[in-house]
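The file run.csv comes next; it holds CSV, C-alpha atoms.
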chain,number,residue,atom,x,y,z
A,855,MET,CA,30.2,-44.5,54.0
A,856,PHE,CA,28.4,-47.3,52.3
A,857,LEU,CA,31.0,-47.9,49.6
A,858,ILE,CA,34.5,-49.3,50.1
A,859,ASP,CA,37.7,-47.7,48.6
A,860,ARG,CA,37.8,-50.2,45.7
A,861,GLU,CA,34.2,-49.2,44.7
A,862,LEU,CA,35.1,-45.5,44.9
A,863,GLU,CA,38.1,-46.0,42.7
A,864,ALA,CA,36.0,-47.7,40.1
A,865,LEU,CA,33.5,-44.9,40.3
A,866,THR,CA,36.3,-42.4,39.7
A,867,ALA,CA,37.4,-44.3,36.6
A,868,PHE,CA,33.8,-44.3,35.4
A,869,ARG,CA,33.5,-40.6,35.9
A,870,ARG,CA,36.7,-40.0,33.9
A,871,ASP,CA,35.4,-42.2,31.1
A,872,LEU,CA,32.2,-40.0,31.0
A,873,HIS,CA,34.4,-36.9,30.9
A,874,ARG,CA,36.2,-38.2,27.8
A,875,ARG,CA,33.0,-38.5,25.8
A,876,PRO,CA,30.8,-35.5,26.4
A,877,GLU,CA,27.6,-34.9,24.5
A,878,VAL,CA,25.7,-31.6,24.4
A,879,SER,CA,22.0,-30.9,25.2
A,880,GLY,CA,19.6,-33.1,23.2
A,881,GLU,CA,22.4,-35.3,21.9
A,882,GLU,CA,23.1,-37.5,24.9
A,883,ARG,CA,22.4,-40.8,23.2
A,884,GLU,CA,25.8,-42.5,23.9
A,885,THR,CA,25.9,-41.1,27.5
A,886,ALA,CA,22.4,-42.5,28.2
A,887,ALA,CA,23.4,-45.9,26.8
A,888,THR,CA,26.5,-46.0,29.0
A,889,ILE,CA,24.4,-45.2,32.1
A,890,VAL,CA,21.8,-47.9,31.3
A,891,THR,CA,24.5,-50.5,30.7
A,892,ALA,CA,26.2,-49.6,34.0
A,893,LEU,CA,23.0,-49.5,35.9
A,894,ALA,CA,22.0,-53.0,34.8
A,895,GLU,CA,24.7,-54.4,37.1
A,896,THR,CA,22.8,-53.0,40.1
A,897,LYS,CA,19.6,-54.9,39.2
A,898,PRO,CA,17.0,-52.0,39.4
A,899,ASP,CA,13.3,-52.9,39.6
A,900,ALA,CA,12.5,-50.8,36.5
A,901,VAL,CA,14.4,-48.8,33.9
A,902,ILE,CA,12.7,-46.0,31.9
A,903,SER,CA,14.7,-44.8,28.9
A,904,GLY,CA,14.0,-42.1,26.4
A,905,LEU,CA,12.4,-39.9,29.0
A,906,GLY,CA,12.0,-36.4,27.7
A,907,GLY,CA,14.6,-37.1,25.0
A,908,HIS,CA,17.5,-39.2,26.2
A,909,GLY,CA,16.6,-39.2,29.9
A,910,VAL,CA,16.9,-42.3,32.0
A,911,ALA,CA,15.1,-43.1,35.3
A,912,VAL,CA,15.8,-46.2,37.4
A,913,VAL,CA,13.6,-47.5,40.2
A,914,TYR,CA,14.6,-49.3,43.4
A,915,GLN,CA,11.4,-50.6,45.0
A,916,GLY,CA,11.0,-50.9,48.8
A,917,ARG,CA,9.3,-53.9,50.5
A,918,GLU,CA,6.4,-51.9,51.8
A,919,PRO,CA,4.2,-49.0,50.4
A,920,GLY,CA,5.6,-45.6,51.0
A,921,PRO,CA,6.7,-42.3,49.4
A,922,THR,CA,8.8,-41.8,46.3
A,923,VAL,CA,12.2,-40.0,46.7
A,924,MET,CA,13.9,-38.9,43.5
A,925,VAL,CA,17.5,-37.8,43.1
A,926,ARG,CA,18.3,-36.0,39.9
A,927,ALA,CA,21.5,-35.5,37.9
A,928,GLU,CA,22.2,-34.2,34.4
A,929,LEU,CA,23.5,-36.0,31.3
A,930,ASP,CA,24.8,-33.2,29.1
A,931,GLY,CA,28.1,-31.4,28.6
A,932,LEU,CA,28.8,-28.1,27.0
A,933,PRO,CA,29.7,-26.8,23.5
A,934,ILE,CA,33.1,-25.5,24.8
A,935,GLU,CA,36.5,-26.7,23.8
A,936,GLU,CA,38.3,-28.2,26.8
A,937,ILE,CA,41.8,-26.8,27.3
A,938,SER,CA,43.5,-29.1,29.7
A,939,GLU,CA,46.5,-31.4,30.1
A,940,ILE,CA,44.6,-34.0,32.2
A,941,ALA,CA,44.8,-37.6,30.9
A,942,HIS,CA,41.0,-37.9,30.7
A,943,ARG,CA,40.4,-34.7,28.9
A,944,SER,CA,37.6,-34.6,26.3
A,945,GLU,CA,38.2,-36.5,23.1
A,946,ILE,CA,35.4,-34.7,21.3
A,947,GLY,CA,36.4,-31.4,19.7
A,948,GLY,CA,34.5,-28.4,20.8
A,949,LYS,CA,32.7,-30.2,23.6
A,950,GLY,CA,33.5,-30.7,27.3
A,951,HIS,CA,32.1,-31.8,30.6
A,952,LEU,CA,33.0,-28.4,32.0
A,953,CYS,CA,30.1,-28.0,34.5
A,954,GLY,CA,30.6,-31.3,36.4
A,955,HIS,CA,27.6,-33.2,35.1
A,956,ASP,CA,29.9,-36.2,34.7
A,957,GLY,CA,30.5,-36.1,38.5
A,958,HIS,CA,26.8,-35.6,39.3
A,959,MET,CA,25.9,-38.7,37.2
A,960,THR,CA,28.6,-40.7,39.0
A,961,ILE,CA,27.2,-39.7,42.4
A,962,LEU,CA,23.9,-41.3,41.3
A,963,MET,CA,25.8,-44.4,40.1
A,964,ALA,CA,27.2,-44.6,43.6
A,965,LEU,CA,23.7,-44.5,45.0
A,966,ALA,CA,22.6,-47.3,42.6
A,967,LYS,CA,25.4,-49.5,44.0
A,968,GLY,CA,24.2,-48.8,47.6
A,969,LEU,CA,20.5,-49.4,46.7
A,970,GLU,CA,21.5,-52.7,45.1
A,971,GLN,CA,23.1,-53.8,48.4
A,972,LYS,CA,20.1,-52.7,50.4
A,973,ARG,CA,16.7,-51.8,49.0
A,974,PRO,CA,14.5,-49.2,50.8
A,975,ALA,CA,12.3,-50.6,53.5
A,976,LYS,CA,9.3,-48.7,52.0
A,977,GLY,CA,8.3,-46.6,49.0
A,978,ARG,CA,10.7,-46.1,46.0
A,979,ALA,CA,14.0,-44.5,45.4
A,980,ILE,CA,14.3,-43.2,41.8
A,981,LEU,CA,17.5,-42.0,40.2
A,982,MET,CA,16.8,-39.5,37.4
A,983,PHE,CA,19.4,-38.8,34.7
A,984,GLN,CA,18.0,-35.8,33.0
A,985,PRO,CA,18.9,-34.6,29.5
A,986,ALA,CA,19.4,-31.1,28.2
A,987,GLU,CA,19.9,-29.1,31.4
A,988,GLU,CA,22.3,-26.6,29.8
A,989,ASN,CA,19.7,-25.2,27.4
A,990,GLY,CA,16.8,-25.3,29.8
A,991,ALA,CA,14.8,-27.7,27.8
A,992,GLY,CA,15.4,-31.0,29.6
A,993,ALA,CA,13.3,-30.7,32.8
A,994,ALA,CA,10.3,-29.5,31.0
A,995,ALA,CA,10.5,-32.3,28.5
A,996,VAL,CA,10.9,-34.9,31.2
A,997,LEU,CA,7.9,-33.6,33.1
A,998,ALA,CA,5.8,-33.5,30.0
A,999,ASP,CA,6.6,-37.0,29.0
A,1000,PRO,CA,3.6,-39.3,29.7
A,1001,LYS,CA,6.1,-41.9,31.2
A,1002,PHE,CA,6.8,-39.5,34.0
A,1003,ALA,CA,3.4,-40.0,35.6
A,1004,ASP,CA,4.5,-43.5,36.6
A,1005,ILE,CA,7.4,-42.2,38.6
A,1006,LYS,CA,5.9,-39.0,40.0
A,1007,PRO,CA,7.9,-38.2,43.2
A,1008,ASP,CA,6.9,-37.0,46.6
A,1009,LEU,CA,10.4,-35.5,47.2
A,1010,VAL,CA,13.1,-34.4,44.7
A,1011,LEU,CA,16.7,-33.8,45.7
A,1012,SER,CA,19.7,-32.6,43.7
A,1013,LEU,CA,23.2,-31.0,44.0
A,1014,HIS,CA,25.6,-29.0,42.0
A,1015,ASN,CA,29.3,-28.7,42.6
A,1016,PHE,CA,30.4,-25.1,43.3
A,1017,PRO,CA,33.9,-23.8,42.8
A,1018,GLY,CA,34.6,-20.9,45.1
A,1019,ILE,CA,33.3,-22.8,48.2
A,1020,GLY,CA,35.7,-24.9,50.3
A,1021,LEU,CA,36.1,-28.4,49.1
A,1022,GLY,CA,33.4,-30.6,50.5
A,1023,HIS,CA,31.6,-27.8,52.3
A,1024,ALA,CA,28.0,-27.4,51.4
A,1025,ALA,CA,25.7,-24.3,50.9
A,1026,LEU,CA,22.0,-25.0,51.5
A,1027,ARG,CA,19.1,-22.6,52.1
A,1028,THR,CA,15.3,-22.4,51.8
A,1029,GLY,CA,13.9,-20.1,49.1
A,1030,PRO,CA,15.3,-18.9,45.7
A,1031,VAL,CA,18.7,-20.3,44.9
A,1032,ASN,CA,18.9,-19.8,41.1
A,1033,CYS,CA,17.6,-17.0,38.9
A,1034,ALA,CA,15.1,-17.2,36.2
A,1035,SER,CA,16.5,-16.4,32.7
A,1036,ARG,CA,15.7,-16.6,29.1
A,1037,GLY,CA,17.2,-15.7,25.8
A,1038,MET,CA,15.3,-13.1,23.8
A,1039,ARG,CA,15.9,-13.0,20.0
A,1040,ILE,CA,14.6,-9.9,18.3
A,1041,SER,CA,14.4,-9.8,14.5
A,1042,LEU,CA,13.9,-6.4,12.8
A,1043,SER,CA,12.9,-6.3,9.1
A,1044,GLY,CA,12.8,-3.2,6.9
A,1045,LYS,CA,13.9,-2.7,3.3
A,1046,THR,CA,17.4,-2.6,1.8
A,1047,ALA,CA,18.5,0.2,-0.5
A,1048,HIS,CA,21.6,1.4,-2.2
A,1049,ALA,CA,24.1,2.9,0.3
A,1050,SER,CA,24.1,6.1,-1.7
A,1051,THR,CA,20.3,6.5,-1.3
A,1052,PRO,CA,19.4,5.1,2.2
A,1053,GLU,CA,16.2,7.1,2.0
A,1054,ASP,CA,14.9,4.6,-0.5
A,1055,GLY,CA,14.9,1.8,2.1
A,1056,ILE,CA,13.8,1.3,5.7
A,1057,ALA,CA,16.9,0.7,7.8
A,1058,PRO,CA,16.9,-0.7,11.3
A,1059,THR,CA,20.1,1.1,12.2
A,1060,PHE,CA,18.8,3.7,14.6
A,1061,ALA,CA,16.4,1.2,16.2
A,1062,VAL,CA,19.3,-1.2,16.9
A,1063,ALA,CA,21.4,1.6,18.4
A,1064,SER,CA,18.5,2.6,20.6
A,1065,LEU,CA,17.7,-0.9,21.7
A,1066,LEU,CA,21.2,-1.8,22.6
A,1067,SER,CA,21.2,0.8,25.3
A,1068,GLY,CA,17.4,0.7,26.0
A,1069,LEU,CA,17.3,-3.0,26.7
A,1070,THR,CA,20.3,-2.9,29.0
A,1071,ALA,CA,18.7,0.0,30.9
A,1072,LEU,CA,15.7,-2.2,31.8
A,1073,GLY,CA,18.0,-4.0,34.3
A,1074,ASN,CA,19.1,-2.7,37.6
A,1075,ASN,CA,21.8,-5.4,38.4
A,1076,GLY,CA,21.3,-4.6,42.0
A,1077,PRO,CA,20.9,-6.8,45.1
A,1078,LEU,CA,19.6,-10.3,44.6
A,1079,ASP,CA,16.2,-9.7,46.0
A,1080,GLU,CA,12.7,-9.8,44.4
A,1081,THR,CA,13.4,-6.6,42.5
A,1082,TYR,CA,16.6,-7.9,40.8
A,1083,THR,CA,16.7,-7.6,37.0
A,1084,LEU,CA,19.5,-7.8,34.5
A,1085,VAL,CA,19.5,-7.6,30.7
A,1086,THR,CA,22.7,-8.5,28.9
A,1087,VAL,CA,22.9,-8.0,25.1
A,1088,THR,CA,24.9,-11.0,24.0
A,1089,HIS,CA,24.9,-10.7,20.2
A,1090,ALA,CA,23.8,-8.4,17.4
A,1091,TRP,CA,24.1,-8.1,13.7
A,1092,LEU,CA,23.0,-5.5,11.2
A,1093,GLY,CA,22.7,-5.7,7.4
A,1094,GLU,CA,25.0,-7.3,4.9
A,1095,ALA,CA,28.8,-7.4,5.0
A,1096,ALA,CA,29.0,-4.9,2.1
A,1097,PHE,CA,29.6,-1.2,1.6
A,1098,GLY,CA,27.1,-0.7,-1.1
A,1099,ILE,CA,23.9,-1.7,0.7
A,1100,SER,CA,21.9,0.2,3.2
A,1101,PRO,CA,20.7,-2.5,5.7
A,1102,GLY,CA,17.2,-3.8,5.8
A,1103,HIS,CA,17.5,-6.5,8.5
A,1104,ALA,CA,18.9,-6.8,11.9
A,1105,GLU,CA,18.9,-9.1,14.9
A,1106,ILE,CA,19.6,-8.6,18.6
A,1107,TRP,CA,20.0,-11.3,21.2
A,1108,ALA,CA,19.6,-10.4,24.9
A,1109,THR,CA,19.5,-12.5,28.0
A,1110,LEU,CA,16.9,-11.5,30.5
A,1111,ARG,CA,17.5,-12.4,34.2
A,1112,THR,CA,15.5,-12.0,37.4
A,1113,LEU,CA,15.4,-13.8,40.7
A,1114,THR,CA,11.7,-14.7,40.5
A,1115,ASP,CA,9.3,-15.9,37.8
A,1116,ALA,CA,6.9,-13.1,38.6
A,1117,ARG,CA,9.6,-10.5,38.1
A,1118,MET,CA,10.5,-12.2,34.8
A,1119,THR,CA,6.9,-11.8,33.5
A,1120,ASP,CA,7.2,-8.1,34.2
A,1121,LEU,CA,10.6,-7.7,32.6
A,1122,VAL,CA,9.4,-9.6,29.4
A,1123,ALA,CA,6.5,-7.3,29.1
A,1124,ARG,CA,8.6,-4.2,29.4
A,1125,ALA,CA,11.2,-5.5,27.0
A,1126,GLU,CA,8.6,-6.4,24.4
A,1127,ALA,CA,6.9,-3.0,24.8
A,1128,LEU,CA,10.2,-1.2,24.2
A,1129,VAL,CA,11.0,-3.3,21.1
A,1130,ALA,CA,7.5,-2.7,19.7
A,1131,SER,CA,7.8,1.0,20.2
A,1132,GLU,CA,11.2,1.3,18.5
A,1133,ALA,CA,10.0,-0.9,15.6
A,1134,GLU,CA,6.9,1.1,15.1
A,1135,SER,CA,8.8,4.4,15.1
A,1136,ALA,CA,11.1,3.1,12.5
A,1137,GLY,CA,8.5,1.4,10.3
A,1138,LEU,CA,10.0,-2.0,10.9
A,1139,LYS,CA,8.4,-5.4,11.2
A,1140,VAL,CA,9.4,-7.2,14.3
A,1141,THR,CA,9.4,-10.8,15.5
A,1142,ILE,CA,10.4,-11.9,19.0
A,1143,GLY,CA,11.3,-15.5,20.1
A,1144,TYR,CA,12.6,-17.0,23.3
A,1145,GLU,CA,15.2,-19.8,23.8
A,1146,ASP,CA,17.1,-21.2,26.8
A,1147,VAL,CA,14.1,-20.5,29.1
A,1148,PHE,CA,14.9,-21.2,32.7
A,1149,HIS,CA,12.4,-20.7,35.5
A,1150,GLN,CA,13.4,-19.7,39.1
A,1151,CYS,CA,14.8,-22.5,41.2
A,1152,SER,CA,13.5,-22.3,44.8
A,1153,ASN,CA,14.2,-24.8,47.6
A,1154,ALA,CA,11.2,-26.1,49.6
A,1155,GLU,CA,11.6,-26.0,53.4
A,1156,ILE,CA,10.7,-29.7,53.9
A,1157,ALA,CA,13.3,-30.8,51.3
A,1158,VAL,CA,16.0,-28.5,52.8
A,1159,ALA,CA,15.3,-30.0,56.2
A,1160,ALA,CA,15.8,-33.5,54.8
A,1161,LEU,CA,19.2,-32.6,53.2
A,1162,ALA,CA,20.3,-30.6,56.3
A,1163,ARG,CA,19.5,-33.6,58.6
A,1164,ALA,CA,21.5,-35.9,56.3
A,1165,MET,CA,24.5,-33.6,56.2
A,1166,ASP,CA,24.5,-33.3,60.0
A,1167,GLU,CA,24.3,-37.1,60.4
A,1168,GLU,CA,27.1,-37.7,57.9
A,1169,GLY,CA,29.3,-35.0,59.2
A,1170,VAL,CA,29.2,-32.8,56.1
A,1171,SER,CA,29.7,-29.1,57.1
A,1172,HIS,CA,27.2,-26.7,55.7
A,1173,ASP,CA,25.8,-23.2,56.0
A,1174,ARG,CA,23.3,-21.0,54.2
A,1175,GLY,CA,25.8,-19.8,51.6
A,1176,GLU,CA,25.7,-16.2,52.5
A,1177,GLY,CA,27.3,-14.2,49.7
A,1178,VAL,CA,27.0,-17.3,47.4
A,1179,LEU,CA,23.3,-18.0,47.3
A,1180,PRO,CA,21.1,-17.2,45.5
A,1181,MET,CA,23.2,-17.6,42.3
A,1182,LYS,CA,22.7,-15.3,39.3
A,1183,GLY,CA,23.1,-18.3,37.1
A,1184,SER,CA,20.1,-20.5,36.1
A,1185,GLU,CA,19.2,-24.1,36.6
A,1186,ASP,CA,16.2,-26.0,35.2
A,1187,PHE,CA,15.8,-28.2,38.3
A,1188,GLY,CA,13.3,-25.6,39.6
A,1189,LEU,CA,10.6,-27.1,37.5
A,1190,PHE,CA,10.6,-30.3,39.6
A,1191,GLY,CA,9.5,-28.1,42.5
A,1192,ARG,CA,6.1,-27.8,40.7
A,1193,VAL,CA,5.4,-31.5,41.1
A,1194,ALA,CA,6.9,-32.1,44.6
A,1195,PRO,CA,8.9,-30.4,47.3
A,1196,SER,CA,12.4,-30.1,46.0
A,1197,ALA,CA,15.8,-28.8,47.0
A,1198,MET,CA,19.3,-28.5,45.5
A,1199,PHE,CA,22.4,-28.1,47.6
A,1200,PHE,CA,25.8,-26.7,46.4
A,1201,LEU,CA,28.8,-28.8,47.2
A,1202,GLY,CA,32.1,-26.9,47.4
A,1203,ALA,CA,34.7,-27.8,44.7
A,1204,GLY,CA,37.4,-25.7,46.3
A,1205,GLU,CA,37.9,-22.0,46.8
A,1206,ASN,CA,40.6,-21.8,44.0
A,1207,HIS,CA,39.2,-24.4,41.7
A,1208,ALA,CA,38.6,-23.5,38.0
A,1209,ARG,CA,35.1,-22.0,37.7
A,1210,LEU,CA,32.1,-23.7,36.0
A,1211,HIS,CA,32.2,-23.4,32.2
A,1212,ASN,CA,35.9,-22.5,32.3
A,1213,PRO,CA,37.8,-24.4,29.6
A,1214,ASP,CA,40.1,-26.0,32.2
A,1215,TYR,CA,37.4,-27.1,34.7
A,1216,ASP,CA,37.3,-30.7,35.9
A,1217,PHE,CA,35.0,-32.2,38.6
A,1218,PRO,CA,36.9,-33.0,41.8
A,1219,ASP,CA,36.6,-36.8,42.3
A,1220,GLY,CA,36.7,-36.4,46.1
A,1221,LEU,CA,33.1,-35.1,45.9
A,1222,ILE,CA,31.7,-38.4,44.6
A,1223,GLY,CA,31.7,-40.0,48.1
A,1224,ILE,CA,30.5,-36.9,49.9
A,1225,GLY,CA,27.6,-36.3,47.6
A,1226,ALA,CA,26.6,-40.0,47.6
A,1227,LYS,CA,26.6,-40.3,51.4
A,1228,VAL,CA,24.4,-37.2,51.8
A,1229,PHE,CA,21.8,-38.5,49.3
A,1230,MET,CA,21.9,-42.0,50.7
A,1231,ARG,CA,21.4,-40.8,54.2
A,1232,ALA,CA,18.4,-38.7,53.1
A,1233,ILE,CA,16.9,-41.7,51.3
A,1234,ARG,CA,17.3,-43.9,54.3
A,1235,ASN,CA,15.8,-41.3,56.6
A,1236,GLU,CA,12.8,-41.0,54.3
A,1237,LEU,CA,12.4,-44.6,53.2
A,1238,GLY,CA,14.2,-46.7,55.8
Let me see the structure of the file written as structure tokens.
Amino acid sequence: MFLIDRELEALTAFRRDLHRRPEVSGEERETAATIVTALAETKPDAVISGLGGHGVAVVYQGREPGPTVMVRAELDGLPIEEISEIAHRSEIGGKGHLCGHDGHMTILMALAKGLEQKRPAKGRAILMFQPAEENGAGAAAVLADPKFADIKPDLVLSLHNFPGIGLGHAALRTGPVNCASRGMRISLSGKTAHASTPEDGIAPTFAVASLLSGLTALGNNGPLDETYTLVTVTHAWLGEAAFGISPGHAEIWATLRTLTDARMTDLVARAEALVASEAESAGLKVTIGYEDVFHQCSNAEIAVAALARAMDEEGVSHDRGEGVLPMKGSEDFGLFGRVAPSAMFFLGAGENHARLHNPDYDFPDGLIGIGAKVFMRAIRNELG
């Protein structure tokens, strides 16, 4: 391990400070400022702020020309009230670092300290603190930012902690590891009428009833292979909260989920066709919008090999995550795979640890050193 106990203790305190002050997607201004201030002590060769929103990238330049290796973490917390008795619990009402992004950021801070001590022999090591992962907007915004062209990587690595896997054990595989998903918002508009004469209006009632079951039926929720589809209706409303009005408006929210982007394209087409058919039959106007759009996250073979070698050399046990990977949940890291070979590994937070997004979740501090040494070994293997 390239860090001594005193440094790991300081990093643990840093992580807990981040945990106290969570900021949700798109609002990570204070978190980004904290990261920039802390990174200044490691004397990076370049700091890029405001990347795709509040994103931060720091560059550690090697002595000789060579490839660019990027390691990515996330800045944002969740709009969930933390329910916990820990001393460093969230001080911000209704918000919490309940997915472990505070820990992921701290792992990159550990890397910064190691890169301060010893620069790469060649190329560049870049630490990417990405905004807005939780709503799927951050990676796309970072990649679209003109400033990203200056730090375009040749290899991108990441991790996510994973409750349900033994503490410190890693799951790593080539191919799909996270599903594609998107939120579909369906708005149906007709015409209100008096409740005693519903025939004078155009009510979306029967269309809503049909779509609640019809949309769900589009998914098979079967094995996680290329045919996997799932449609989950998450929210719906109809009309006004009044007994005297026959409704004229309704809205349905549904989450569409597939293992691959190609399957998502097919599912979107089928869902939109179903909505259009029901709206036409009922004489309703319809609008459809999409939010929280996540593309599939798939690990490239060359990136997986780099992580597997690093784990073997650092004595971190790992397997292919049978029964765990791929995950039904989504991750916007997959977009980085469109610009360079990329891979994410999943680092066990403990078999009985509180699950991600649980109100009592907290990142296990023991993973800071494990994650950092895997990434540092991978960087040294690639860049010297």
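Taking only C-alpha atoms, the non-local environment of segment 879-886 of chain A within 8 Å (same-chain residues fewer than 4 positions away omitted) comprises Leu872, Arg875, Val890, Gly907, His908, Gly909, Val910, Leu929, Asp930, Gly931, Leu932, Pro985, Ala986, Glu987, Glu988, Asn989 and Gly992 of chain A.
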Distance criterion (only C-alpha atoms): nearest to Tyr914 of chain A out of A:Ala1157, A:Leu1066, A:Leu981, A:Val1087: A:Leu981
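For the residues A:Val878, A:Cys1033, A:Leu1237, A:Val1129, ranking by smallest atom-to-atom distance to Lys1182 of chain A using only C-alpha atoms places A:Cys1033 first.
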Using only C-alpha atoms, the best pick from A:Gly1238, A:Leu965, A:Pro1058, A:Lys1045 as closest to Gly916 of chain A would be A:Gly1238
Could you tell me, as a ChimeraX atom specification, which residues have any atom at most 9 Å from (16.4, -5.5, 31.5), counting only C-alpha atoms? /A:1068-1075,1083-1086,1108-1112,1121-1122,1124-1125
